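A quick write-up on the structure given underneath.
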Amino acid sequence: MSKTKEVLRGAEIFVRALKDEGIKHLFGYPGGAVLHIYDALYKQDDVEHILVRHEQGATHAADAYARATGKPGVVLVTSGPGATNCVTGIATAYMDSSPLVVFTGQVPTHLIGNDAFQEVDAVGVTRPCVKHNFLVKHVEDLASTIKKAFYVATTGRPGPVVVDIPKDITADSCEYEYPEHVDMRSYKPVLKGHTGQIKRAADLIATARRPMIYSGGGAILANADKELTVFTRHLGFPITNTLMGLGAYPGTDKQFVGMLGMHGTYEANMAMHQCDVLIAIGARFDDRVTGDLEQFCPSAKIIHIDVDPSSISKNIPVDVPIVGDVKHVLSELIALLENRKDLPTEKDLKPWWNQIKEWQGINCLAYDRNSEIIKPQFVIEKLYELTRGDAYVTSDVGQHQMWAAQYYKFDKPRRWINSGGLGTMGFGLPAAMGVKKAFPDETVVCITGDASIVMCLQELSTCLQYGISFTVINLNNRYMGMVRQWQEFFYESRYSHSYMEALPDFVKLAESYGHIGLRIEKSADVESALKEALQEKEKVVFIDFITDKTENVYPMIAAGKGHHEMHLSPNRELA
Amino acid sequence: MRHILSLLMENETGALSRVAGLFSARAYNIESLTVAPTEDPTVSRMTLVTSGSDEVIEQITKHLNKLVDVIKVIDLNESRHIERELMLIKLQARGENREEIKRLVDIFRGRIIDVTENTYTIEMTGAGDKLDAFISALEDGVILEVVRSGVSGIARGDKAIQ
């Protein structure tokens with residue numbers, strides 16, 4: 001039976017396509033170029049629109065929504081400033097490979113190029129920081145372009161996609177049909193890894209006596225946490241996670257040696273430096289991870305599994321490259337390994353584990369737990385205890401971000417949501433908002449600092465409007481802590497413009513936005529404040545923790561140094 | 001080392017800027033770039049001349065392949081190939097010089113395609129070094145204008161990029 005297709009206006013097609021794509025939430029801000037679409041949104045209940053206070057907030061919220069759920073995050077903004085305000089959020093999603101689809105309004109087709117009111121070349125402006133972008137030129141292309149946008153954003157190595165829609169397209173009409181499948185001759189992401197290469201990897205693994213597994217955000221994006229855990233436990237190898245990869249392998253497991261890199265643990269970095277076989281899984285050898293490339297894993301043969309061929313041998317040449325989806329490749333590799341009798345035994349690995357245990361004995365994350373002045377690490381540890389490691393934790397960028405990564409042990413993937421690649425201050429609060437929208441019954445916490453938090457603070461209004469509640473942990477040291485730390489180490493303590501004078505009264509600020517504000521100044525009060533905050537179900541509880549302003553993040557490898565050249569703390573230098 | 005990369009890409013607005021943007025964003029160098037639609041009007045063929053170490057060329061190829069508009073990337077250096085470039089050149093041609101230039105054009109198998117009392121306009125194709133050689137064979141000061149297309153390339157033999 002042939003069904004006659006409905007004729008719809010572009011704006012209605014847009015809304016219907018989102019519904020047919022299974023989209024439930026849309027973060028956005030209206031304006032002239034998208035008024036037809038907003039009118040169509042008004043007349044339906046299938047897609048819930050969340051009105052943000054700044055377009056950047058919409059992109060971070062949708063990005064975090066995507067990171068927490070694995071489903072695409074969706075943004076709708078107007079032309080011109082609406083589009084340019086999204087650029088930071090799009091670049092953030094791009095660097096961390098988050099499936100974000102941003103719809104930008106555009107001036108009517110006949111005005112494009114005329115410097116019309118609120119006109120900007122959104123496709124041109126966003127090109128360097130999107131996986132792909134589209135300008136819709138005919139209403140007949142609208143539905144299929146939306147389908148392609150979601151397909152490109154969510155497959156292969158995920159990433160943001162921008163769809164620029166001129167206003168006249170949203171007024172024009174055509175028959176509506178949402179395609180079930182997409183086939184693009186120029187875009188064919190690889191899933192399955194090369195069988196021969198997987199075999200070579202298994203052969204190399206069998207020879208390892210000082211092995212190391214280094215997994216990154218790619219393992220989470222591929223939903224390969226189970227495979228990664230089976231793989232690691234089957235081999236009995238030590239594993240480290242990157243900042244983006246935390247939670248892909250249980251952070252409390254005995255084979256987990258902590259995060260690696262600039263602020264990684266002593267044991268993780270030393271094990272990297274001395275391993276003989278490195279298995280890199282969904283990681284991209286970022287400079288904050290590798291340090292000095294010349295001194296990176298000097299005696300290791302390297303296996304690298306990644307869905308993006310351009311990530312392989314980009315910074316470090318590898319011996320066994322495997323291009324493919326991490327989940328697929330690991331499954332195949334596990335099947336191969338299960339049948340092998342020549343894998344390193346517990347006895348073979350004993351000397352290596354003994355060495356690692358010795359490094360662990362240094363206790364590189366020690367700090368003064370008895371301090372009366374609040375140590376930022378103490379707040380994170382208390383939060384970890386109270387939430388039993390099961391909260392969704394978003395963060396901003398700086399010292400607090402590193403402490404959160406070091407002291408909150410993530411046992412599950414998609415719980416740790418931070419801007420690792422671009423390092424976007426202002427990410428944390430809208431991110432918490434996006435996660436809470438996705439999981440209203442889960443505990444969500446935003447760990448931030450006094451410099452980052454004010455960058456997207458306006459979203460507290462959005463939270464009030466939609467009853468979005470979570471806890472903000474403001475580790476307030478009256479400094480841009482990480483900048484101050486670098487100035488202390490590398491600029492002889494000349495604290496150039498890193499001191500936050502004239503900070504607002506955060507308690508009153510939270511209250512003026514209709515939320516709850518608390519100020520905590522003593523270590524003894526940390527736990528009770530956190531308990532109180534975590535029980536709140538309707539409003540944001542903003543806790544302003546007045547912390548030790550001189551605390552630094554350790555261990556630290558200075559930029560451009562090797563993994564073995566770590567600083568532990570001012571009083572505990574290593575030989 | 002110099003490499004000639006051949007690309008098939010969607011004939012879409014913006015496709016060229018994606019390629020150009022990739023090169024500038026990642027600090028790769030473009031010596032020349034030519035692009036035009038193929039026999040299939042939805043597909044464009046681009047020939048791009050670049051240079052770099054093997055590692056750099058490998059990254060360039062991977063990143064080009066990653067662009068959603070790019071259908072195929074071939075490094076022509078990997079097999080035997082032919083490269084050609086078109087040059088249009090306007091020369092001062094007066095008196096004795098006129099005959100001399102005509103002889104030189106014949107030697108280089110060029111064609112005079114426009115003539116005035118004072119000038120010749122010449123069309124010449126060949127590999128880049130042949131065109132360079134013609135230019136350096138000319139007397140100083142006679143060149144009025146040079147237009148070069150950049151390199152186009154194709155593999156030798158039965159193999160075809162589709």
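Chains: A, B, ... in order of the structure tokens. Residues: from 1 per chain. Ligands: from 1, in order shown.
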Check every residue of chain B for an atom within 12 Å of chain A, counting only C-alpha atoms, and provide those that qualify as a PDB file with N, CA, C and O atoms, in the first residue's frame.
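What landed in out.pdb:
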```pdb
ATOM      1  N   LEU B   7      43.107  13.640  -6.171  1.00  0.00           N
ATOM      2  CA  LEU B   7      41.920  13.460  -5.327  1.00  0.00           C
ATOM      3  C   LEU B   7      40.663  13.423  -6.180  1.00  0.00           C
ATOM      4  O   LEU B   7      40.522  14.232  -7.105  1.00  0.00           O
ATOM      5  N   LEU B   8      39.766  12.497  -5.824  1.00  0.00           N
ATOM      6  CA  LEU B   8      38.400  12.596  -6.331  1.00  0.00           C
ATOM      7  C   LEU B   8      37.559  13.104  -5.179  1.00  0.00           C
ATOM      8  O   LEU B   8      37.655  12.597  -4.062  1.00  0.00           O
ATOM      9  N   MET B   9      36.755  14.134  -5.456  1.00  0.00           N
ATOM     10  CA  MET B   9      35.937  14.667  -4.375  1.00  0.00           C
ATOM     11  C   MET B   9      34.564  15.076  -4.863  1.00  0.00           C
ATOM     12  O   MET B   9      34.347  15.266  -6.063  1.00  0.00           O
ATOM     13  N   GLU B  10      33.629  15.184  -3.917  1.00  0.00           N
ATOM     14  CA  GLU B  10      32.287  15.638  -4.256  1.00  0.00           C
ATOM     15  C   GLU B  10      32.394  17.042  -4.837  1.00  0.00           C
ATOM     16  O   GLU B  10      33.084  17.897  -4.296  1.00  0.00           O
ATOM     17  N   ASN B  11      31.701  17.281  -5.947  1.00  0.00           N
ATOM     18  CA  ASN B  11      31.690  18.604  -6.553  1.00  0.00           C
ATOM     19  C   ASN B  11      30.696  19.494  -5.798  1.00  0.00           C
ATOM     20  O   ASN B  11      29.638  19.839  -6.303  1.00  0.00           O
ATOM     21  N   GLU B  12      31.056  19.826  -4.553  1.00  0.00           N
ATOM     22  CA  GLU B  12      30.169  20.608  -3.685  1.00  0.00           C
ATOM     23  C   GLU B  12      30.836  21.932  -3.371  1.00  0.00           C
ATOM     24  O   GLU B  12      32.064  22.005  -3.279  1.00  0.00           O
ATOM     25  N   THR B  13      30.014  22.963  -3.137  1.00  0.00           N
ATOM     26  CA  THR B  13      30.616  24.226  -2.697  1.00  0.00           C
ATOM     27  C   THR B  13      31.323  23.969  -1.366  1.00  0.00           C
ATOM     28  O   THR B  13      30.823  23.252  -0.524  1.00  0.00           O
ATOM     29  N   GLY B  14      32.466  24.532  -1.223  1.00  0.00           N
ATOM     30  CA  GLY B  14      33.161  24.382   0.051  1.00  0.00           C
ATOM     31  C   GLY B  14      34.154  23.238   0.076  1.00  0.00           C
ATOM     32  O   GLY B  14      34.990  23.185   0.961  1.00  0.00           O
ATOM     33  N   ALA B  15      34.048  22.313  -0.881  1.00  0.00           N
ATOM     34  CA  ALA B  15      34.961  21.165  -0.847  1.00  0.00           C
ATOM     35  C   ALA B  15      36.413  21.636  -0.990  1.00  0.00           C
ATOM     36  O   ALA B  15      37.305  21.188  -0.279  1.00  0.00           O
ATOM     37  N   LEU B  16      36.631  22.583  -1.917  1.00  0.00           N
ATOM     38  CA  LEU B  16      37.985  23.103  -2.136  1.00  0.00           C
ATOM     39  C   LEU B  16      38.512  23.781  -0.862  1.00  0.00           C
ATOM     40  O   LEU B  16      39.661  23.581  -0.468  1.00  0.00           O
ATOM     41  N   SER B  17      37.639  24.542  -0.205  1.00  0.00           N
ATOM     42  CA  SER B  17      38.107  25.246   0.988  1.00  0.00           C
ATOM     43  C   SER B  17      38.400  24.273   2.123  1.00  0.00           C
ATOM     44  O   SER B  17      39.226  24.562   2.986  1.00  0.00           O
ATOM     45  N   ARG B  18      37.743  23.131   2.141  1.00  0.00           N
ATOM     46  CA  ARG B  18      38.070  22.126   3.164  1.00  0.00           C
ATOM     47  C   ARG B  18      39.506  21.614   2.970  1.00  0.00           C
ATOM     48  O   ARG B  18      40.245  21.432   3.931  1.00  0.00           O
ATOM     49  N   VAL B  19      39.870  21.398   1.713  1.00  0.00           N
ATOM     50  CA  VAL B  19      41.225  20.917   1.432  1.00  0.00           C
ATOM     51  C   VAL B  19      42.240  22.017   1.752  1.00  0.00           C
ATOM     52  O   VAL B  19      43.215  21.792   2.479  1.00  0.00           O
ATOM     53  N   ALA B  20      41.962  23.217   1.259  1.00  0.00           N
ATOM     54  CA  ALA B  20      42.889  24.326   1.492  1.00  0.00           C
ATOM     55  C   ALA B  20      43.009  24.603   2.993  1.00  0.00           C
ATOM     56  O   ALA B  20      44.105  24.829   3.514  1.00  0.00           O
ATOM     57  N   GLY B  21      41.876  24.547   3.699  1.00  0.00           N
ATOM     58  CA  GLY B  21      41.862  24.804   5.139  1.00  0.00           C
ATOM     59  C   GLY B  21      42.663  23.768   5.898  1.00  0.00           C
ATOM     60  O   GLY B  21      43.369  24.089   6.849  1.00  0.00           O
ATOM     61  N   LEU B  22      42.559  22.512   5.469  1.00  0.00           N
ATOM     62  CA  LEU B  22      43.325  21.440   6.117  1.00  0.00           C
ATOM     63  C   LEU B  22      44.824  21.727   6.029  1.00  0.00           C
ATOM     64  O   LEU B  22      45.554  21.593   7.011  1.00  0.00           O
ATOM     65  N   PHE B  23      45.271  22.151   4.833  1.00  0.00           N
ATOM     66  CA  PHE B  23      46.702  22.407   4.641  1.00  0.00           C
ATOM     67  C   PHE B  23      47.182  23.574   5.491  1.00  0.00           C
ATOM     68  O   PHE B  23      48.248  23.513   6.098  1.00  0.00           O
ATOM     69  N   SER B  24      46.378  24.649   5.551  1.00  0.00           N
ATOM     70  CA  SER B  24      46.848  25.788   6.352  1.00  0.00           C
ATOM     71  C   SER B  24      46.749  25.472   7.843  1.00  0.00           C
ATOM     72  O   SER B  24      47.640  25.815   8.606  1.00  0.00           O
ATOM     73  N   ALA B  25      45.679  24.759   8.267  1.00  0.00           N
ATOM     74  CA  ALA B  25      45.512  24.487   9.697  1.00  0.00           C
ATOM     75  C   ALA B  25      46.624  23.605  10.234  1.00  0.00           C
ATOM     76  O   ALA B  25      47.020  23.735  11.387  1.00  0.00           O
ATOM     77  N   ARG B  26      47.116  22.689   9.418  1.00  0.00           N
ATOM     78  CA  ARG B  26      48.128  21.759   9.911  1.00  0.00           C
ATOM     79  C   ARG B  26      49.526  22.114   9.406  1.00  0.00           C
ATOM     80  O   ARG B  26      50.449  21.306   9.482  1.00  0.00           O
ATOM     81  N   THR B  42      29.141  15.363 -10.814  1.00  0.00           N
ATOM     82  CA  THR B  42      29.057  15.430  -9.346  1.00  0.00           C
ATOM     83  C   THR B  42      30.417  15.209  -8.693  1.00  0.00           C
ATOM     84  O   THR B  42      30.544  15.300  -7.479  1.00  0.00           O
ATOM     85  N   VAL B  43      31.413  14.871  -9.531  1.00  0.00           N
ATOM     86  CA  VAL B  43      32.740  14.574  -8.980  1.00  0.00           C
ATOM     87  C   VAL B  43      33.769  15.543  -9.534  1.00  0.00           C
ATOM     88  O   VAL B  43      33.793  15.811 -10.735  1.00  0.00           O
ATOM     89  N   ASP B  54      58.313  11.417   4.350  1.00  0.00           N
ATOM     90  CA  ASP B  54      57.346  10.331   4.171  1.00  0.00           C
ATOM     91  C   ASP B  54      56.263  10.382   5.240  1.00  0.00           C
ATOM     92  O   ASP B  54      55.089  10.125   4.973  1.00  0.00           O
ATOM     93  N   GLU B  55      56.667  10.713   6.486  1.00  0.00           N
ATOM     94  CA  GLU B  55      55.691  10.755   7.585  1.00  0.00           C
ATOM     95  C   GLU B  55      54.667  11.864   7.347  1.00  0.00           C
ATOM     96  O   GLU B  55      53.475  11.673   7.579  1.00  0.00           O
ATOM     97  N   VAL B  56      55.158  13.007   6.885  1.00  0.00           N
ATOM     98  CA  VAL B  56      54.249  14.132   6.638  1.00  0.00           C
ATOM     99  C   VAL B  56      53.283  13.787   5.500  1.00  0.00           C
ATOM    100  O   VAL B  56      52.074  14.019   5.596  1.00  0.00           O
ATOM    101  N   ILE B  57      53.810  13.202   4.440  1.00  0.00           N
ATOM    102  CA  ILE B  57      52.947  12.839   3.301  1.00  0.00           C
ATOM    103  C   ILE B  57      51.900  11.818   3.745  1.00  0.00           C
ATOM    104  O   ILE B  57      50.730  11.887   3.347  1.00  0.00           O
ATOM    105  N   GLU B  58      52.307  10.894   4.618  1.00  0.00           N
ATOM    106  CA  GLU B  58      51.360   9.897   5.121  1.00  0.00           C
ATOM    107  C   GLU B  58      50.234  10.572   5.903  1.00  0.00           C
ATOM    108  O   GLU B  58      49.056  10.261   5.725  1.00  0.00           O
ATOM    109  N   GLN B  59      50.597  11.528   6.748  1.00  0.00           N
ATOM    110  CA  GLN B  59      49.582  12.265   7.508  1.00  0.00           C
ATOM    111  C   GLN B  59      48.674  13.065   6.582  1.00  0.00           C
ATOM    112  O   GLN B  59      47.464  13.103   6.763  1.00  0.00           O
ATOM    113  N   ILE B  60      49.270  13.706   5.578  1.00  0.00           N
ATOM    114  CA  ILE B  60      48.466  14.497   4.635  1.00  0.00           C
ATOM    115  C   ILE B  60      47.441  13.589   3.955  1.00  0.00           C
ATOM    116  O   ILE B  60      46.250  13.908   3.865  1.00  0.00           O
ATOM    117  N   THR B  61      47.906  12.421   3.509  1.00  0.00           N
ATOM    118  CA  THR B  61      47.011  11.488   2.823  1.00  0.00           C
ATOM    119  C   THR B  61      45.891  11.036   3.753  1.00  0.00           C
ATOM    120  O   THR B  61      44.717  10.991   3.362  1.00  0.00           O
ATOM    121  N   LYS B  62      46.252  10.728   4.998  1.00  0.00           N
ATOM    122  CA  LYS B  62      45.230  10.278   5.955  1.00  0.00           C
ATOM    123  C   LYS B  62      44.209  11.369   6.228  1.00  0.00           C
ATOM    124  O   LYS B  62      43.004  11.116   6.288  1.00  0.00           O
ATOM    125  N   HIS B  63      44.702  12.594   6.419  1.00  0.00           N
ATOM    126  CA  HIS B  63      43.775  13.687   6.721  1.00  0.00           C
ATOM    127  C   HIS B  63      42.887  14.018   5.529  1.00  0.00           C
ATOM    128  O   HIS B  63      41.710  14.339   5.692  1.00  0.00           O
ATOM    129  N   LEU B  64      43.446  13.923   4.316  1.00  0.00           N
ATOM    130  CA  LEU B  64      42.616  14.165   3.127  1.00  0.00           C
ATOM    131  C   LEU B  64      41.517  13.109   3.052  1.00  0.00           C
ATOM    132  O   LEU B  64      40.356  13.407   2.787  1.00  0.00           O
ATOM    133  N   ASN B  65      41.897  11.861   3.295  1.00  0.00           N
ATOM    134  CA  ASN B  65      40.908  10.777   3.259  1.00  0.00           C
ATOM    135  C   ASN B  65      39.820  10.975   4.297  1.00  0.00           C
ATOM    136  O   ASN B  65      38.694  10.516   4.121  1.00  0.00           O
ATOM    137  N   LYS B  66      40.181  11.636   5.386  1.00  0.00           N
ATOM    138  CA  LYS B  66      39.228  11.837   6.476  1.00  0.00           C
ATOM    139  C   LYS B  66      38.177  12.898   6.133  1.00  0.00           C
ATOM    140  O   LYS B  66      37.095  12.899   6.708  1.00  0.00           O
ATOM    141  N   LEU B  67      38.507  13.803   5.229  1.00  0.00           N
ATOM    142  CA  LEU B  67      37.532  14.840   4.869  1.00  0.00           C
ATOM    143  C   LEU B  67      36.308  14.168   4.250  1.00  0.00           C
ATOM    144  O   LEU B  67      36.436  13.337   3.351  1.00  0.00           O
ATOM    145  N   VAL B  68      35.149  14.565   4.750  1.00  0.00           N
ATOM    146  CA  VAL B  68      33.929  13.870   4.327  1.00  0.00           C
ATOM    147  C   VAL B  68      33.660  14.057   2.829  1.00  0.00           C
ATOM    148  O   VAL B  68      33.100  13.182   2.192  1.00  0.00           O
ATOM    149  N   ASP B  69      34.085  15.159   2.230  1.00  0.00           N
ATOM    150  CA  ASP B  69      33.840  15.367   0.803  1.00  0.00           C
ATOM    151  C   ASP B  69      34.809  14.620  -0.115  1.00  0.00           C
ATOM    152  O   ASP B  69      34.610  14.577  -1.325  1.00  0.00           O
ATOM    153  N   VAL B  70      35.867  14.075   0.451  1.00  0.00           N
ATOM    154  CA  VAL B  70      36.881  13.432  -0.392  1.00  0.00           C
ATOM    155  C   VAL B  70      36.531  11.958  -0.602  1.00  0.00           C
ATOM    156  O   VAL B  70      36.307  11.221   0.353  1.00  0.00           O
ATOM    157  N   ILE B  71      36.462  11.553  -1.873  1.00  0.00           N
ATOM    158  CA  ILE B  71      36.077  10.171  -2.194  1.00  0.00           C
ATOM    159  C   ILE B  71      37.306   9.273  -2.244  1.00  0.00           C
ATOM    160  O   ILE B  71      37.284   8.145  -1.782  1.00  0.00           O
ATOM    161  N   LYS B  72      38.385   9.784  -2.829  1.00  0.00           N
ATOM    162  CA  LYS B  72      39.570   8.950  -3.000  1.00  0.00           C
ATOM    163  C   LYS B  72      40.830   9.806  -3.068  1.00  0.00           C
ATOM    164  O   LYS B  72      40.801  10.908  -3.615  1.00  0.00           O
ATOM    165  N   VAL B  73      41.915   9.288  -2.527  1.00  0.00           N
ATOM    166  CA  VAL B  73      43.202   9.991  -2.606  1.00  0.00           C
ATOM    167  C   VAL B  73      44.249   9.015  -3.134  1.00  0.00           C
ATOM    168  O   VAL B  73      44.368   7.902  -2.627  1.00  0.00           O
ATOM    169  N   GLN B 162      38.914   5.730 -10.234  1.00  0.00           N
ATOM    170  CA  GLN B 162      37.473   5.996 -10.379  1.00  0.00           C
ATOM    171  C   GLN B 162      36.773   6.027  -9.041  1.00  0.00           C
ATOM    172  O   GLN B 162      37.213   5.391  -8.107  1.00  0.00           O
TER     173      GLN B 162
END
```
*asked:* as a ChimeraX atom specification, please: every residue in region 94-155 of chain B that a backbone DSSP assignment puts in strand (DSSP E).
replied: /B:111-115,119-126,143-155
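Here CA of Val34 (chain A) is placed at a distance of 25.6 Å from CA of Val435 (chain A).
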Determine, counting only C-alpha atoms, which protein, DNA and RNA residues have an atom within 12 Å of an atom of Ile154 (chain B); residues of the same chain fewer than 5 positions away are not included. Present the result as a short mmCIF file (atom, residue, chain, number, x, y, z; two decimals) with N, CA, C and O atoms, in the first residue's frame.
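What landed in out_11.cif:
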```cif
data_model
loop_
_atom_site.label_atom_id
_atom_site.label_comp_id
_atom_site.auth_asym_id
_atom_site.auth_seq_id
_atom_site.Cartn_x
_atom_site.Cartn_y
_atom_site.Cartn_z
N ILE B 4 52.87 14.23 -5.86
CA ILE B 4 51.67 14.67 -6.57
C ILE B 4 50.51 13.83 -6.08
O ILE B 4 50.51 12.60 -6.25
N LEU B 5 49.55 14.47 -5.43
CA LEU B 5 48.39 13.75 -4.92
C LEU B 5 47.19 14.02 -5.83
O LEU B 5 46.93 15.16 -6.20
N SER B 6 46.49 12.94 -6.18
CA SER B 6 45.29 13.06 -7.00
C SER B 6 44.08 12.77 -6.13
O SER B 6 44.05 11.75 -5.44
N LEU B 7 43.11 13.64 -6.17
CA LEU B 7 41.92 13.46 -5.33
C LEU B 7 40.66 13.42 -6.18
O LEU B 7 40.52 14.23 -7.11
N ARG B 45 37.99 16.46 -9.79
CA ARG B 45 39.31 15.86 -9.66
C ARG B 45 40.29 16.97 -9.31
O ARG B 45 40.33 18.01 -9.96
N MET B 46 41.05 16.72 -8.27
CA MET B 46 42.03 17.71 -7.86
C MET B 46 43.42 17.11 -7.96
O MET B 46 43.62 15.95 -7.62
N THR B 47 44.35 17.89 -8.47
CA THR B 47 45.75 17.47 -8.40
C THR B 47 46.47 18.47 -7.51
O THR B 47 46.38 19.68 -7.73
N LEU B 48 47.17 17.92 -6.53
CA LEU B 48 47.78 18.77 -5.52
C LEU B 48 49.26 18.41 -5.40
O LEU B 48 49.59 17.24 -5.24
N ILE B 74 44.97 9.42 -4.18
CA ILE B 74 46.05 8.58 -4.72
C ILE B 74 47.33 9.40 -4.73
O ILE B 74 47.32 10.56 -5.16
N ASP B 75 48.39 8.79 -4.25
CA ASP B 75 49.70 9.42 -4.35
C ASP B 75 50.32 8.95 -5.67
O ASP B 75 50.73 7.79 -5.79
N LEU B 76 50.38 9.83 -6.66
CA LEU B 76 50.87 9.42 -7.99
C LEU B 76 52.32 8.98 -7.94
O LEU B 76 52.78 8.22 -8.79
N ASN B 77 53.06 9.44 -6.95
CA ASN B 77 54.47 9.05 -6.84
C ASN B 77 54.65 7.56 -6.58
O ASN B 77 55.74 7.04 -6.75
N GLU B 78 53.57 6.91 -6.15
CA GLU B 78 53.71 5.49 -5.82
C GLU B 78 53.81 4.62 -7.07
O GLU B 78 54.13 3.44 -6.98
N SER B 79 53.48 5.17 -8.24
CA SER B 79 53.65 4.39 -9.48
C SER B 79 54.08 5.33 -10.60
O SER B 79 54.18 6.54 -10.40
N ARG B 80 54.30 4.75 -11.79
CA ARG B 80 54.72 5.58 -12.91
C ARG B 80 53.57 6.51 -13.30
O ARG B 80 52.41 6.10 -13.30
N HIS B 81 53.90 7.73 -13.61
CA HIS B 81 52.83 8.68 -13.90
C HIS B 81 53.32 9.76 -14.84
O HIS B 81 54.53 9.87 -15.12
N ILE B 82 52.38 10.51 -15.36
CA ILE B 82 52.70 11.63 -16.25
C ILE B 82 52.20 12.89 -15.58
O ILE B 82 51.10 12.91 -15.02
N GLU B 83 53.01 13.94 -15.62
CA GLU B 83 52.52 15.21 -15.13
C GLU B 83 52.66 16.27 -16.21
O GLU B 83 53.60 16.25 -17.02
N ARG B 84 51.69 17.12 -16.29
CA ARG B 84 51.69 18.20 -17.27
C ARG B 84 51.20 19.49 -16.62
O ARG B 84 50.37 19.46 -15.73
N GLU B 85 51.73 20.57 -17.16
CA GLU B 85 51.27 21.87 -16.69
C GLU B 85 51.09 22.74 -17.92
O GLU B 85 51.85 22.62 -18.90
N LYS B 159 45.85 1.33 -15.41
CA LYS B 159 45.20 1.70 -14.15
C LYS B 159 44.45 3.03 -14.26
O LYS B 159 44.96 3.97 -14.87
N ALA B 160 43.24 3.07 -13.72
CA ALA B 160 42.48 4.33 -13.74
C ALA B 160 41.86 4.57 -12.37
O ALA B 160 41.45 3.64 -11.69
N ILE B 161 41.85 5.83 -11.97
CA ILE B 161 41.23 6.18 -10.69
C ILE B 161 39.76 6.48 -10.91
O ILE B 161 39.43 7.34 -11.73
N GLN B 162 38.91 5.73 -10.23
CA GLN B 162 37.47 6.00 -10.38
C GLN B 162 36.77 6.03 -9.04
O GLN B 162 37.21 5.39 -8.11
#
```
*asked:* Give me, as number ranges by chain, all polymer residues having an atom no more than 12 Å from Ala133 (chain B), counting only C-alpha atoms and skipping those fewer than 2 positions away in the same chain.
replied: B: 104-105, 107-108, 124, 126-131, 135-138
Cys456 (chain A): which residues within 9 Å, counting only C-alpha atoms, same-chain residues fewer than 6 positions away excluded, as a compact mmCIF listing (two decimals) with all heavy atoms, in the first residue's frame?
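Contents of the output file result33.txt:
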```
# COMPACT_ATOMS: atom_id res chain seq x y z
N ARG A 53 21.03 30.37 28.45
CA ARG A 53 21.18 31.82 28.59
C ARG A 53 22.29 32.37 27.69
O ARG A 53 22.48 33.57 27.59
CB ARG A 53 21.47 32.18 30.05
CG ARG A 53 20.31 31.86 30.98
CD ARG A 53 19.04 32.60 30.57
NE ARG A 53 17.93 32.35 31.48
CZ ARG A 53 17.03 31.37 31.33
NH1 ARG A 53 17.10 30.55 30.29
NH2 ARG A 53 16.05 31.21 32.22
N HIS A 54 23.02 31.48 27.08
CA HIS A 54 24.09 31.88 26.15
C HIS A 54 24.33 30.66 25.26
O HIS A 54 24.34 29.53 25.77
CB HIS A 54 25.35 32.25 26.94
CG HIS A 54 26.47 32.80 26.10
ND1 HIS A 54 27.14 32.04 25.17
CD2 HIS A 54 27.03 34.03 26.06
CE1 HIS A 54 28.08 32.79 24.60
NE2 HIS A 54 28.02 34.00 25.11
N GLN A 56 26.88 29.37 23.98
CA GLN A 56 27.99 28.50 24.38
C GLN A 56 27.51 27.46 25.39
O GLN A 56 27.91 26.30 25.33
CB GLN A 56 29.13 29.33 24.99
CG GLN A 56 30.35 28.47 25.31
CD GLN A 56 31.46 29.25 26.01
OE1 GLN A 56 31.44 30.48 26.07
NE2 GLN A 56 32.44 28.54 26.52
N GLY A 57 26.63 27.91 26.29
CA GLY A 57 26.07 26.99 27.29
C GLY A 57 25.30 25.86 26.62
O GLY A 57 25.36 24.70 27.06
N MET A 425 37.63 26.47 29.78
CA MET A 425 37.07 26.96 31.05
C MET A 425 35.63 27.38 30.77
O MET A 425 35.33 27.93 29.71
CB MET A 425 37.89 28.16 31.56
CG MET A 425 39.29 27.80 32.02
SD MET A 425 40.33 29.25 32.31
CE MET A 425 39.61 29.92 33.82
N GLY A 426 34.74 27.10 31.72
CA GLY A 426 33.33 27.41 31.51
C GLY A 426 32.52 26.21 31.08
O GLY A 426 31.30 26.27 30.98
N PHE A 427 33.18 25.10 30.86
CA PHE A 427 32.50 23.89 30.39
C PHE A 427 31.65 23.24 31.47
O PHE A 427 30.56 22.72 31.22
CB PHE A 427 33.57 22.90 29.90
CG PHE A 427 33.05 21.57 29.44
CD1 PHE A 427 32.50 21.41 28.17
CD2 PHE A 427 33.13 20.45 30.26
CE1 PHE A 427 32.03 20.18 27.74
CE2 PHE A 427 32.66 19.21 29.84
CZ PHE A 427 32.11 19.07 28.57
N GLY A 428 32.14 23.25 32.70
CA GLY A 428 31.60 22.40 33.76
C GLY A 428 30.15 22.60 34.12
O GLY A 428 29.39 21.64 34.22
N LEU A 429 29.73 23.86 34.31
CA LEU A 429 28.36 24.11 34.77
C LEU A 429 27.32 23.73 33.70
O LEU A 429 26.41 22.95 33.98
CB LEU A 429 28.22 25.57 35.21
CG LEU A 429 26.82 25.98 35.68
CD1 LEU A 429 26.48 25.32 37.00
CD2 LEU A 429 26.72 27.49 35.81
N PRO A 430 27.43 24.25 32.48
CA PRO A 430 26.48 23.80 31.46
C PRO A 430 26.56 22.29 31.20
O PRO A 430 25.54 21.65 30.91
CB PRO A 430 26.85 24.60 30.21
CG PRO A 430 28.12 25.28 30.49
CD PRO A 430 28.30 25.33 31.96
```
